[in-house]
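What follows is the content of work.cif, which has mmCIF, C-alpha atoms:
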```
data_target
#
loop_
_atom_site.label_atom_id
_atom_site.label_comp_id
_atom_site.auth_asym_id
_atom_site.auth_seq_id
_atom_site.Cartn_x
_atom_site.Cartn_y
_atom_site.Cartn_z
CA MET E 1 95.13 140.50 74.54
CA ARG E 2 96.52 137.99 72.10
CA THR E 3 98.28 136.15 74.94
CA THR E 4 94.98 135.88 76.81
CA SER E 5 93.26 134.57 73.72
CA VAL E 6 95.96 131.95 73.13
CA ARG E 7 95.83 130.94 76.79
CA SER E 8 92.05 130.62 76.69
CA ARG E 9 92.25 128.54 73.56
CA ARG E 10 94.81 126.21 75.13
CA LEU E 11 92.69 125.94 78.25
CA SER E 12 89.57 125.07 76.32
CA VAL E 13 91.42 122.48 74.26
CA LEU E 14 92.83 120.95 77.45
CA LEU E 15 89.40 120.92 79.09
CA ALA E 16 87.88 119.35 76.02
CA ALA E 17 90.62 116.73 75.91
CA ILE E 18 90.19 115.88 79.57
CA THR E 19 86.43 115.61 79.49
CA LEU E 20 86.10 113.97 76.10
CA PRO E 21 83.86 110.96 76.58
CA VAL E 22 84.62 107.54 75.14
CA PRO E 23 82.76 104.22 75.31
CA ALA E 24 82.60 102.74 78.80
CA HIS E 25 84.41 99.54 79.70
CA ALA E 26 82.34 97.20 81.83
CA HIS E 27 84.85 95.01 83.59
CA LEU E 28 82.69 93.23 86.10
CA VAL E 29 84.24 90.14 87.58
CA THR E 30 81.97 87.24 88.38
CA THR E 31 83.30 85.57 91.49
CA GLY E 32 80.48 83.09 91.87
CA LEU E 33 80.00 84.28 95.43
CA GLY E 34 77.22 86.73 94.69
CA PRO E 35 76.91 90.41 93.76
CA PHE E 36 78.41 91.74 97.00
CA TYR E 37 81.71 89.97 96.36
CA ASP E 38 81.50 90.81 92.66
CA GLY E 39 81.33 94.47 93.69
CA ILE E 40 84.37 94.11 95.97
CA THR E 41 86.36 92.38 93.23
CA HIS E 42 85.25 94.92 90.65
CA PHE E 43 86.75 97.72 92.69
CA PHE E 44 90.08 95.95 93.12
CA VAL E 45 90.45 95.15 89.42
CA SER E 46 89.35 98.64 88.30
CA LEU E 47 92.67 100.44 88.55
CA GLU E 48 91.09 103.65 87.23
CA ASP E 49 89.07 103.70 90.46
CA LEU E 50 91.57 102.17 92.84
CA LEU E 51 94.61 104.34 92.10
CA PRO E 52 92.96 107.78 92.45
CA ALA E 53 91.30 106.56 95.66
CA LEU E 54 94.71 105.54 96.99
CA ALA E 55 96.19 108.90 96.02
CA LEU E 56 93.34 110.76 97.71
CA ALA E 57 93.74 108.63 100.82
CA LEU E 58 97.46 109.47 100.98
CA LEU E 59 96.73 113.15 100.43
CA ALA E 60 94.10 113.20 103.19
CA GLY E 61 96.18 111.08 105.56
CA LEU E 62 99.21 113.33 105.20
CA GLN E 63 97.00 116.26 106.28
CA GLY E 64 96.27 114.55 109.59
CA ALA E 65 93.70 112.34 111.27
CA ARG E 66 90.83 114.80 110.99
CA ALA E 67 91.18 115.32 107.24
CA GLY E 68 91.72 111.59 106.75
CA ARG E 69 88.57 110.73 108.66
CA TYR E 70 86.46 113.25 106.74
CA ALA E 71 87.83 112.09 103.41
CA LEU E 72 87.13 108.47 104.28
CA PHE E 73 83.47 109.01 105.05
CA CYS E 74 82.78 111.71 102.43
CA LEU E 75 84.34 109.62 99.69
CA THR E 76 82.63 106.37 100.63
CA ILE E 77 79.20 107.91 101.11
CA ALA E 78 79.44 109.88 97.86
CA TRP E 79 80.60 106.74 96.03
CA PHE E 80 77.75 104.69 97.45
CA VAL E 81 75.07 107.28 96.64
CA ALA E 82 76.45 107.88 93.15
CA GLY E 83 76.54 104.13 92.58
CA PHE E 84 72.86 103.90 93.40
CA ALA E 85 72.15 106.83 91.09
CA ALA E 86 73.96 104.95 88.32
CA MET E 87 71.82 101.92 89.04
CA LEU E 88 68.70 103.98 88.35
CA ARG E 89 70.05 106.06 85.48
CA PRO E 90 73.39 104.89 84.11
CA THR E 91 75.44 106.71 81.52
CA GLU E 92 77.18 105.01 78.64
CA ILE E 93 80.19 107.24 78.59
CA THR E 94 83.33 107.52 80.64
CA THR E 95 86.30 109.88 80.63
CA PRO E 96 89.62 108.04 81.06
CA ALA E 97 91.59 111.25 80.64
CA LEU E 98 89.71 112.76 83.55
CA ALA E 99 90.64 109.75 85.70
CA ALA E 100 94.29 110.18 84.70
CA PHE E 101 94.14 113.89 85.43
CA VAL E 102 92.60 113.23 88.85
CA LEU E 103 95.32 110.68 89.64
CA LEU E 104 98.00 113.15 88.59
CA GLY E 105 96.48 115.93 90.67
CA PHE E 106 95.93 113.93 93.86
CA GLY E 107 99.35 112.28 93.57
CA ALA E 108 101.18 115.55 92.95
CA LEU E 109 99.42 117.26 95.86
CA ALA E 110 100.29 114.41 98.22
CA ALA E 111 103.88 114.17 96.97
CA ALA E 112 104.38 117.91 97.50
CA ASP E 113 103.28 117.42 101.13
CA ARG E 114 101.94 120.96 101.38
CA ARG E 115 99.19 121.91 103.78
CA VAL E 116 95.82 121.68 102.06
CA PRO E 117 92.70 123.05 103.81
CA ASP E 118 90.50 120.31 105.25
CA ALA E 119 87.50 121.76 103.42
CA LEU E 120 89.29 121.30 100.11
CA VAL E 121 90.15 117.68 100.90
CA ARG E 122 86.52 117.06 101.79
CA ALA E 123 85.32 118.76 98.60
CA LEU E 124 87.74 116.68 96.51
CA ALA E 125 86.56 113.52 98.24
CA VAL E 126 82.90 114.31 97.56
CA LEU E 127 83.59 115.34 93.97
CA PHE E 128 85.71 112.31 93.18
CA GLY E 129 83.30 110.00 95.02
CA THR E 130 80.34 111.33 93.09
CA VAL E 131 81.88 111.33 89.63
CA GLY E 132 84.02 108.22 90.10
CA GLY E 133 81.28 106.21 91.77
CA TYR E 134 78.73 107.16 89.14
CA LEU E 135 80.96 106.36 86.17
CA SER E 136 82.29 103.17 87.71
CA ALA E 137 78.84 101.81 88.50
CA SER E 138 77.50 102.99 85.14
CA ALA E 139 80.17 101.00 83.34
CA ILE E 140 78.65 97.85 84.84
CA ALA E 141 75.01 98.92 84.75
CA VAL E 142 74.92 99.51 80.99
CA GLU E 143 75.97 95.94 80.29
CA THR E 144 74.77 93.77 83.16
CA GLU E 145 72.27 94.00 85.93
CA LEU E 146 73.76 96.12 88.65
CA THR E 147 72.35 95.37 92.07
CA GLY E 148 72.51 97.35 95.27
CA LEU E 149 74.66 94.64 96.81
CA ALA E 150 77.31 95.09 94.12
CA VAL E 151 77.37 98.83 94.77
CA LEU E 152 77.62 98.14 98.48
CA GLY E 153 80.47 95.71 97.89
CA ALA E 154 82.41 98.24 95.83
CA SER E 155 81.83 100.90 98.49
CA VAL E 156 83.01 98.57 101.26
CA ALA E 157 86.17 97.80 99.28
CA LEU E 158 86.74 101.51 98.75
CA PHE E 159 86.21 102.17 102.45
CA ALA E 160 88.73 99.49 103.41
CA VAL E 161 91.39 100.70 100.96
CA VAL E 162 91.03 104.36 101.85
CA ALA E 163 90.92 103.61 105.59
CA LEU E 164 94.13 101.56 105.44
CA ALA E 165 96.04 103.96 103.17
CA ALA E 166 94.93 107.09 105.01
CA ALA E 167 95.70 105.52 108.39
CA ALA E 168 99.18 104.53 107.19
CA ALA E 169 99.77 108.11 106.04
CA VAL E 170 98.39 109.58 109.28
CA VAL E 171 100.76 107.59 111.49
CA ALA E 172 103.70 108.41 109.19
CA LYS E 173 104.38 111.73 110.82
CA ARG E 174 108.11 111.69 110.22
CA ALA E 175 110.71 109.94 108.10
CA PRO E 176 110.93 107.24 106.88
CA GLY E 177 107.17 106.57 106.89
CA ARG E 178 106.27 110.00 105.56
CA ILE E 179 108.88 109.68 102.84
CA VAL E 180 107.47 106.32 101.78
CA ALA E 181 103.98 107.88 101.56
CA ARG E 182 105.30 110.79 99.49
CA VAL E 183 107.31 108.53 97.20
CA ALA E 184 104.22 106.37 96.66
CA ALA E 185 102.22 109.51 95.86
CA SER E 186 104.86 110.68 93.38
CA TRP E 187 104.71 107.30 91.65
CA LEU E 188 100.93 107.62 91.42
CA ALA E 189 101.31 111.10 89.94
CA ALA E 190 103.81 109.75 87.41
CA ILE E 191 101.38 106.97 86.46
CA GLY E 192 98.63 109.56 86.02
CA LEU E 193 100.80 111.69 83.77
CA LEU E 194 101.86 108.73 81.63
CA ARG E 195 98.26 107.56 81.39
CA LEU E 196 97.23 111.01 80.26
CA GLY E 197 99.98 111.03 77.63
CA TRP E 198 98.99 107.54 76.51
CA TRP E 199 95.42 108.65 76.10
CA LEU E 200 96.30 111.82 74.24
CA GLY E 201 98.76 109.99 72.01
CA ASN E 202 96.84 106.80 71.31
CA GLY E 203 93.29 107.74 72.18
CA SER E 204 92.89 104.63 74.35
CA MET G 1 87.21 122.96 136.83
CA ARG G 2 83.46 123.45 136.73
CA ASP G 3 83.92 126.99 135.37
CA GLY G 4 86.36 125.68 132.82
CA ARG G 5 83.86 123.07 131.65
CA LYS G 6 81.11 125.65 131.50
CA VAL G 7 83.20 127.97 129.40
CA SER G 8 84.07 125.06 127.13
CA VAL G 9 80.39 124.12 126.67
CA VAL G 10 79.43 127.71 126.01
CA SER G 11 82.23 128.15 123.48
CA ASP G 12 81.25 124.89 121.77
CA GLN G 13 77.68 126.10 121.42
CA GLY G 14 78.92 129.43 120.15
CA LEU G 15 81.15 127.70 117.65
CA ALA G 16 78.29 125.53 116.39
CA ARG G 17 76.05 128.57 116.04
CA THR G 18 78.75 130.49 114.16
CA ARG G 19 79.30 127.57 111.83
CA LEU G 20 75.57 127.21 111.16
CA ARG G 21 75.32 130.92 110.44
CA ALA G 22 78.30 130.74 108.11
CA LEU G 23 76.77 127.78 106.31
CA LEU G 24 73.47 129.57 105.83
CA THR G 25 75.20 132.79 104.79
CA TYR G 26 77.65 131.43 102.29
CA SER G 27 75.93 128.44 100.82
CA LEU G 28 72.21 129.18 100.78
CA GLN G 29 71.86 132.94 100.63
CA PRO G 30 70.11 133.71 97.35
CA THR G 31 72.06 136.89 96.56
CA ALA G 32 75.42 135.20 96.92
CA TYR G 33 74.21 132.23 94.95
CA SER G 34 72.88 134.28 92.06
CA LEU G 35 76.06 136.38 92.00
CA ALA G 36 78.19 133.28 91.83
CA LYS G 37 75.98 131.92 89.08
CA ARG G 38 76.24 135.15 87.10
CA LEU G 39 80.03 135.20 87.47
CA ALA G 40 80.34 131.58 86.41
CA GLY G 41 78.04 132.22 83.49
CA ARG G 42 80.08 135.23 82.38
CA ARG G 43 83.32 133.29 82.53
CA LEU G 44 81.83 130.36 80.68
CA ARG G 45 80.46 132.68 78.00
CA ALA G 46 83.86 134.38 77.69
CA LEU G 47 85.59 131.02 77.39
CA LEU G 48 83.21 129.86 74.71
CA THR G 49 83.33 133.16 72.83
CA TYR G 50 87.07 133.79 72.74
CA SER G 51 88.69 130.40 72.97
CA LEU G 52 87.88 128.53 69.77
CA PRO G 53 86.56 129.43 66.32
CA PRO G 54 82.96 128.38 65.53
CA THR G 55 84.15 125.58 63.22
CA ALA G 56 85.92 123.96 66.14
CA TYR G 57 82.69 123.93 68.14
CA SER G 58 80.81 122.30 65.34
CA LEU G 59 83.34 119.45 65.61
CA LEU G 60 83.92 119.52 69.35
CA LEU G 61 80.34 119.62 70.60
CA PRO G 62 79.13 116.50 68.78
CA ALA G 63 82.26 114.72 69.98
CA LEU G 64 81.53 115.70 73.57
CA CYS G 65 77.85 114.79 73.40
CA ALA G 66 78.01 111.67 71.27
CA PRO G 67 76.87 108.62 73.20
CA ALA G 68 78.67 105.40 72.49
CA ALA G 69 78.08 101.74 73.15
CA ALA G 70 79.71 100.10 76.15
CA TRP G 71 82.33 97.38 75.76
CA ALA G 72 81.49 94.38 77.84
CA HIS G 73 84.95 93.02 78.44
CA ALA G 74 88.01 93.79 80.47
CA GLU G 75 90.50 96.39 79.26
CA PRO G 76 92.48 94.70 76.50
CA GLY G 77 96.15 93.90 77.00
CA ALA G 78 96.16 94.64 80.74
CA ALA G 79 98.53 91.87 81.83
CA SER G 80 100.86 92.18 78.85
CA GLY G 81 100.85 95.95 79.32
CA PHE G 82 102.03 95.62 82.91
CA LEU G 83 104.78 93.14 82.02
CA SER G 84 105.83 95.23 79.06
CA GLY G 85 106.01 98.35 81.22
CA LEU G 86 107.90 96.48 83.90
CA SER G 87 110.50 95.15 81.47
CA HIS G 88 110.94 98.30 79.39
CA PRO G 89 113.18 100.32 81.76
CA VAL G 90 115.44 97.30 82.36
CA SER G 91 115.66 96.36 78.69
CA GLY G 92 118.41 98.89 77.91
CA LEU G 93 121.69 98.89 79.81
CA ASP G 94 122.13 102.64 79.30
CA HIS G 95 118.85 103.25 81.13
CA VAL G 96 119.72 100.83 83.89
CA LEU G 97 123.14 102.39 84.49
CA ALA G 98 121.73 105.88 84.84
CA MET G 99 118.84 104.87 87.08
CA VAL G 100 121.00 102.83 89.42
CA ALA G 101 123.50 105.71 89.49
CA VAL G 102 120.72 108.03 90.69
CA GLY G 103 120.24 105.76 93.70
CA LEU G 104 123.99 105.48 94.30
CA TRP G 105 124.45 109.23 94.20
CA GLY G 106 121.45 109.80 96.44
CA ALA G 107 122.91 107.39 98.99
CA GLN G 108 126.25 109.20 98.85
CA LEU G 109 124.62 112.60 99.33
CA GLY G 110 122.51 111.35 102.25
CA SER G 111 119.20 112.74 103.47
CA PRO G 112 117.16 114.41 101.98
CA ALA G 113 118.77 113.76 98.56
CA ILE G 114 118.58 110.00 99.14
CA TRP G 115 114.83 110.13 98.59
CA GLN G 116 114.36 113.41 96.73
CA LEU G 117 116.45 112.32 93.75
CA PRO G 118 114.49 109.08 93.28
CA VAL G 119 111.25 111.07 93.55
CA ALA G 120 112.38 113.67 91.02
CA PHE G 121 113.58 111.11 88.49
CA PRO G 122 110.34 109.10 87.97
CA LEU G 123 108.24 112.27 87.98
CA MET G 124 110.36 114.00 85.35
CA MET G 125 110.69 110.76 83.46
CA ALA G 126 106.91 110.68 83.33
CA VAL G 127 107.02 114.22 81.90
CA GLY G 128 109.45 113.00 79.22
CA GLY G 129 107.24 109.97 78.60
CA PHE G 130 104.23 112.26 78.30
CA LEU G 131 106.02 114.37 75.68
CA GLY G 132 107.04 111.25 73.78
CA LEU G 133 103.53 109.84 73.92
CA ILE G 134 101.88 112.94 72.54
CA GLY G 135 104.49 113.15 69.79
CA VAL G 136 106.60 116.13 70.87
CA PRO G 137 110.07 115.54 69.40
CA LEU G 138 113.19 115.85 71.54
CA PRO G 139 116.56 116.07 69.80
CA GLY G 140 119.56 113.97 70.88
CA VAL G 141 117.66 111.56 73.07
CA GLU G 142 120.21 108.74 72.88
CA ILE G 143 123.06 111.18 73.48
CA GLY G 144 121.22 112.62 76.46
CA ILE G 145 120.69 109.17 77.96
CA ALA G 146 124.34 108.18 77.51
CA LEU G 147 125.51 111.54 78.83
CA SER G 148 123.35 111.08 81.92
CA ALA G 149 125.14 107.83 82.72
CA VAL G 150 128.54 109.49 82.20
CA LEU G 151 127.76 112.52 84.38
CA LEU G 152 126.02 110.57 87.13
CA GLY G 153 128.85 108.04 87.16
CA VAL G 154 131.38 110.86 87.47
CA MET G 155 129.39 112.37 90.32
CA VAL G 156 129.50 109.05 92.18
CA LEU G 157 133.17 108.44 91.29
CA PHE G 158 134.35 111.78 92.68
CA GLU G 159 131.69 112.01 95.40
CA VAL G 160 130.62 115.40 94.10
CA ARG G 161 128.33 117.20 96.55
CA PRO G 162 126.54 120.07 94.78
CA PRO G 163 123.66 121.98 96.42
CA LEU G 164 120.51 119.87 96.64
CA ALA G 165 118.64 121.98 94.08
CA ALA G 166 121.47 121.54 91.56
CA ALA G 167 121.52 117.77 92.10
CA ILE G 168 117.75 117.55 91.62
CA ALA G 169 117.91 119.77 88.54
CA LEU G 170 120.62 117.58 86.98
CA VAL G 171 118.74 114.36 87.63
CA ALA G 172 115.41 115.86 86.53
CA PHE G 173 116.89 117.21 83.30
CA PHE G 174 118.28 113.85 82.21
CA ALA G 175 115.16 112.00 83.36
CA ILE G 176 113.25 113.73 80.56
CA PHE G 177 115.48 112.03 77.95
CA HIS G 178 114.95 108.60 79.51
CA GLY G 179 111.19 109.13 79.71
CA HIS G 180 110.98 110.42 76.17
CA ALA G 181 112.77 107.37 74.82
CA HIS G 182 110.33 105.09 76.62
CA GLY G 183 107.37 107.21 75.56
CA THR G 184 108.17 106.95 71.86
CA GLU G 185 108.91 103.22 71.98
CA LEU G 186 105.65 102.10 73.52
CA PRO G 187 104.12 98.99 71.99
CA ALA G 188 100.65 99.31 70.51
CA GLY G 189 97.59 97.34 71.59
CA GLN G 190 98.36 97.26 75.28
CA SER G 191 96.74 98.83 78.29
CA GLY G 192 98.16 102.30 78.86
CA LEU G 193 97.36 102.24 82.53
CA THR G 194 98.99 98.92 83.40
CA TYR G 195 101.95 99.77 81.16
CA SER G 196 102.43 103.02 83.09
CA ILE G 197 102.18 101.19 86.43
CA GLY G 198 104.82 98.63 85.41
CA PHE G 199 107.03 101.32 83.97
CA VAL G 200 107.00 103.49 87.09
CA ILE G 201 107.45 100.52 89.44
CA ALA G 202 110.46 99.23 87.47
CA THR G 203 112.06 102.67 87.48
CA GLY G 204 111.49 103.09 91.18
CA LEU G 205 112.87 99.65 91.94
CA LEU G 206 116.04 100.41 90.00
CA HIS G 207 116.51 103.47 92.19
CA VAL G 208 115.89 101.37 95.27
CA LEU G 209 118.55 98.93 94.03
CA GLY G 210 120.96 101.84 93.63
CA ILE G 211 120.15 103.11 97.13
CA ALA G 212 120.63 99.61 98.57
CA ILE G 213 124.05 99.34 96.95
CA GLY G 214 124.76 102.90 98.06
CA LEU G 215 124.33 101.91 101.70
CA LEU G 216 127.85 100.49 101.42
CA ASN G 217 128.89 104.11 101.76
CA ARG G 218 128.79 103.68 105.56
CA TRP G 219 132.03 101.70 105.53
CA THR G 220 135.41 102.85 104.29
CA ALA G 221 135.85 99.85 102.01
CA GLY G 222 132.27 100.28 100.89
CA ARG G 223 132.94 103.87 99.85
CA LEU G 224 135.71 102.64 97.57
CA VAL G 225 133.41 100.01 96.11
CA LEU G 226 130.82 102.69 95.52
CA ARG G 227 133.27 104.96 93.76
CA GLY G 228 134.35 101.99 91.67
CA ALA G 229 130.71 101.42 90.75
CA GLY G 230 130.54 105.08 89.73
CA ALA G 231 133.57 104.58 87.49
CA LEU G 232 131.88 101.56 85.88
CA VAL G 233 128.70 103.55 85.26
CA ALA G 234 130.71 106.41 83.72
CA ALA G 235 132.67 104.01 81.52
CA GLY G 236 129.47 102.30 80.37
CA GLY G 237 127.92 105.70 79.67
CA ALA G 238 130.99 106.73 77.66
CA TYR G 239 130.65 103.58 75.55
CA PHE G 240 126.99 104.35 74.82
CA LEU G 241 127.84 108.00 74.16
CA VAL G 242 130.41 107.06 71.53
CA SER G 243 127.91 104.61 69.99
CA ALA G 244 125.21 107.29 69.92
CA ILE G 245 127.45 109.89 68.30
CA ALA G 246 129.04 107.51 65.79
#
```
As structure tokens, what does this structure read like?
Amino acid sequence: MRTTSVRSRRLSVLLAAITLPVPAHAHLVTTGLGPFYDGITHFFVSLEDLLPALALALLAGLQGARAGRYALFCLTIAWFVAGFAAMLRPTEITTPALAAFVLLGFGALAAADRRVPDALVRALAVLFGTVGGYLSASAIAVETELTGLAVLGASVALFAVVALAAAAAVVAKRAPGRIVARVAASWLAAIGLLRLGWWLGNGS
Amino acid sequence: MRDGRKVSVVSDQGLARTRLRALLTYSLQPTAYSLAKRLAGRRLRALLTYSLPPTAYSLLLPALCAPAAAWAHAEPGAASGFLSGLSHPVSGLDHVLAMVAVGLWGAQLGSPAIWQLPVAFPLMMAVGGFLGLIGVPLPGVEIGIALSAVLLGVMVLFEVRPPLAAAIALVAFFAIFHGHAHGTELPAGQSGLTYSIGFVIATGLLHVLGIAIGLLNRWTAGRLVLRGAGALVAAGGAYFLVSAIA
């Protein structure tokens, strides 16, 4: 009974730590080429968005072409829709620990190279696309004027990155390609874990 | 052929119908939905009731709900964080010796150890870094780091071939000490994310360097060179071990 209570307490503290909101960072890059290209650049300089997307792409690609294809479209569409939702009703908070936890989870799953049901990969893609897309677009929308073209640009960049990474993982059916994909995923998981520790230790 | 096609079409239609039925049954059926909602509600209530004392909620809930202003600038210290993370693992010779030795030993052991050891090391090093970052103390860190260089050097010197699990366990155990040392020595005011990226990349590249040197193992003379490198690593580790104990 006591063990259960202690476990529940730890779980709730962990959940609270992961979901604890902090002020959003709006790192929009102005390229001078218009909002579409600003959106593309924003995605590439937002490592909190880019790295989990890469990890998810590796995870989906290692599951095969079907899972990779589903993840690609589910993630991009969810990201795009959530970005538009943020344009209409942005939030001022973000959860960096959640991003780190997501990176750790996706990276560890891909590095383990275990069979994951396609439905789960799809669900993860939709979930990450919705939450990640909404928070990412909100971070811009609360500070500057976020246009549909910027959201489209970010979604196109996401599509390109996920398509390339997932395709590389799909064709890597055996060593050494598969090993490279798994090593990359393990590095991403390690980055996620360190980021989580950094956040818990320094609160930034 | 025609029959085969017909059967295929029929089975496709049947499959689509079954999927539609499953979708309607499991996702939209009100009874199932309300049951799931009740279960989730019960679990949530249990979590909230038994997990934390009321005082904690009075502190936690405002923290969770408090809105905050956005910062309209890039994450501070991103570039310096990356460079700092990249240089940190190579800043200490004891770290470098051990990490290169992991690659050397992996190359000696061959597949799958050649890539499993360099995967295990950064991951467990991240665990050690995590512990260091959140302030969990680890006794004898410097001794552990020096000892890792000694043991890994000895393994390379004598071409020891333990079972794969034992090799991974050895490397993973010592990786925690390396990670912890890095975790507690992190500079303030830099981007945690870019620091972590640089840190992991530098560690991985040191392993790759070790593996590249370890490819000499294919030739007889190369094997001797490799064993000599192992002896150097062990000697360097012994020096750091004596310094750490003294």
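Against the coordinates shown, the PyMOL selection byres ((chain E and resi 39-47) around 8) returns His27, Leu28, Val29, Thr31, Pro35, Phe36, Tyr37, Asp38, Glu48, Asp49, Leu50, Leu51, Leu149, Ala150, Val151, Leu152, Gly153, Ala154, Ser155, Val156, Ala157 and Leu158 of chain E; Leu193 of chain G.
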Output C-alpha atoms of each residue in that selection to a file, as a tab-separated table (two decimals), keeping the file's coordinate frame.
```
chain	number	residue	atom	x	y	z
E	27	HIS	CA	84.85	95.01	83.59
E	28	LEU	CA	82.69	93.23	86.10
E	29	VAL	CA	84.24	90.14	87.58
E	31	THR	CA	83.30	85.57	91.49
E	35	PRO	CA	76.91	90.41	93.76
E	36	PHE	CA	78.41	91.74	97.00
E	37	TYR	CA	81.71	89.97	96.36
E	38	ASP	CA	81.50	90.81	92.66
E	48	GLU	CA	91.09	103.65	87.23
E	49	ASP	CA	89.07	103.70	90.46
E	50	LEU	CA	91.57	102.17	92.84
E	51	LEU	CA	94.61	104.34	92.10
E	149	LEU	CA	74.66	94.64	96.81
E	150	ALA	CA	77.31	95.09	94.12
E	151	VAL	CA	77.37	98.83	94.77
E	152	LEU	CA	77.62	98.14	98.48
E	153	GLY	CA	80.47	95.71	97.89
E	154	ALA	CA	82.41	98.24	95.83
E	155	SER	CA	81.83	100.90	98.49
E	156	VAL	CA	83.01	98.57	101.26
E	157	ALA	CA	86.17	97.80	99.28
E	158	LEU	CA	86.74	101.51	98.75
G	193	LEU	CA	97.36	102.24	82.53
```
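A straight line drawn from atom CA of G:Gly106 to atom CA of G:Gly222 is 15.1 Å long.
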Residue contacts of G:Ala238 (7 Å, only C-alpha atoms) excluding same-chain residues fewer than 4 positions away, as a compact mmCIF listing (two decimals) with C-alpha atoms, in the frame of the given file:
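Contents of around.txt, freshly written:
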```txt
# COMPACT_ATOMS: atom_id res chain seq x y z
CA ALA G 146 124.34 108.18 77.51
CA VAL G 150 128.54 109.49 82.20
CA ALA G 234 130.71 106.41 83.72
CA VAL G 242 130.41 107.06 71.53
```
Using the chain letters and numbers from the file, give me the residues hit by the PyMOL selection byres ((chain E and resi 110-121) around 8), as a CSV table (one decimal) with C-alpha atoms, in the frame of the given file.
```csv
chain,number,residue,atom,x,y,z
E,55,ALA,CA,96.2,108.9,96.0
E,56,LEU,CA,93.3,110.8,97.7
E,58,LEU,CA,97.5,109.5,101.0
E,59,LEU,CA,96.7,113.2,100.4
E,60,ALA,CA,94.1,113.2,103.2
E,62,LEU,CA,99.2,113.3,105.2
E,63,GLN,CA,97.0,116.3,106.3
E,66,ARG,CA,90.8,114.8,111.0
E,67,ALA,CA,91.2,115.3,107.2
E,71,ALA,CA,87.8,112.1,103.4
E,106,PHE,CA,95.9,113.9,93.9
E,107,GLY,CA,99.4,112.3,93.6
E,108,ALA,CA,101.2,115.6,93.0
E,109,LEU,CA,99.4,117.3,95.9
E,122,ARG,CA,86.5,117.1,101.8
E,123,ALA,CA,85.3,118.8,98.6
E,124,LEU,CA,87.7,116.7,96.5
E,125,ALA,CA,86.6,113.5,98.2
E,181,ALA,CA,104.0,107.9,101.6
E,182,ARG,CA,105.3,110.8,99.5
E,183,VAL,CA,107.3,108.5,97.2
E,184,ALA,CA,104.2,106.4,96.7
E,185,ALA,CA,102.2,109.5,95.9
E,186,SER,CA,104.9,110.7,93.4
```
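For the file at hand, the PyMOL selection byres ((chain E and resi 73) around 10) resolves to E:Gly68, E:Arg69, E:Tyr70, E:Ala71, E:Leu72, E:Cys74, E:Leu75, E:Thr76, E:Ile77, E:Ala78, E:Trp79, E:Arg122, E:Ala125, E:Val126, E:Phe159, E:Val162, E:Ala163.
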What does the distance between atom CA of E:Ala172 and atom CA of G:Phe121 come to in Å, to one decimal place?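 Distance reported for this atom pair: 23.1 Å.
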Nearby residues (all atoms listed in the file) at most 10 Å from G:Ala172, same-chain spacing under 2 positions excluded, as JSON, numbers by chain: {"G": [117, 118, 119, 120, 121, 122, 123, 124, 125, 127, 128, 166, 167, 168, 169, 170, 174, 175, 176, 177]}
Between atom CA of E:Tyr134 and atom CA of E:Phe80 lies a distance of 8.7 Å
Compare G:Ile211, G:Ile114, G:Ile245, G:Val90 by their minimum atom-to-atom distance to chain E, counting only C-alpha atoms, and give me the closest one.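 Between G:Ile211, G:Ile114, G:Ile245, G:Val90, the residue approaching chain E most closely is G:Ile114.
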Which neighbours of G:Leu133 fall inside 10 Å, counting all atoms listed in the file, when residues of the same chain fewer than 5 positions from it are skipped, and could you give them as number ranges by chain? E: 194-202; G: 127-128, 179-186
Return the padded bounding box of stretch 52-59 of chain E as lines of an AutoDock Vina configuration file: axis-aligned, built from all atoms listed in the file, 3 Å added on each side, with centre and edge lengths in Å to one decimal.
```
center_x = 94.4
center_y = 109.3
center_z = 96.7
size_x = 12.2
size_y = 13.6
size_z = 14.5
```
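Closest approach to chain E from the set G:Leu232, G:Val156, G:Val200, G:Leu83 is made by G:Val200, with distances taken over all atoms listed in the file.
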From the list G:Ala149, G:Leu131, G:Leu205, G:Pro163, the nearest residue to chain E using all atoms listed in the file is G:Leu131
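Residues in contact range of E:Ile191, defined as at most 8 Å between all atoms listed in the file, with sequence neighbours fewer than 6 positions away removed, read E:Ala100, E:Leu103, E:Leu104, G:Ala126, G:Leu193, G:Ser196, G:Ile197, G:Val200.
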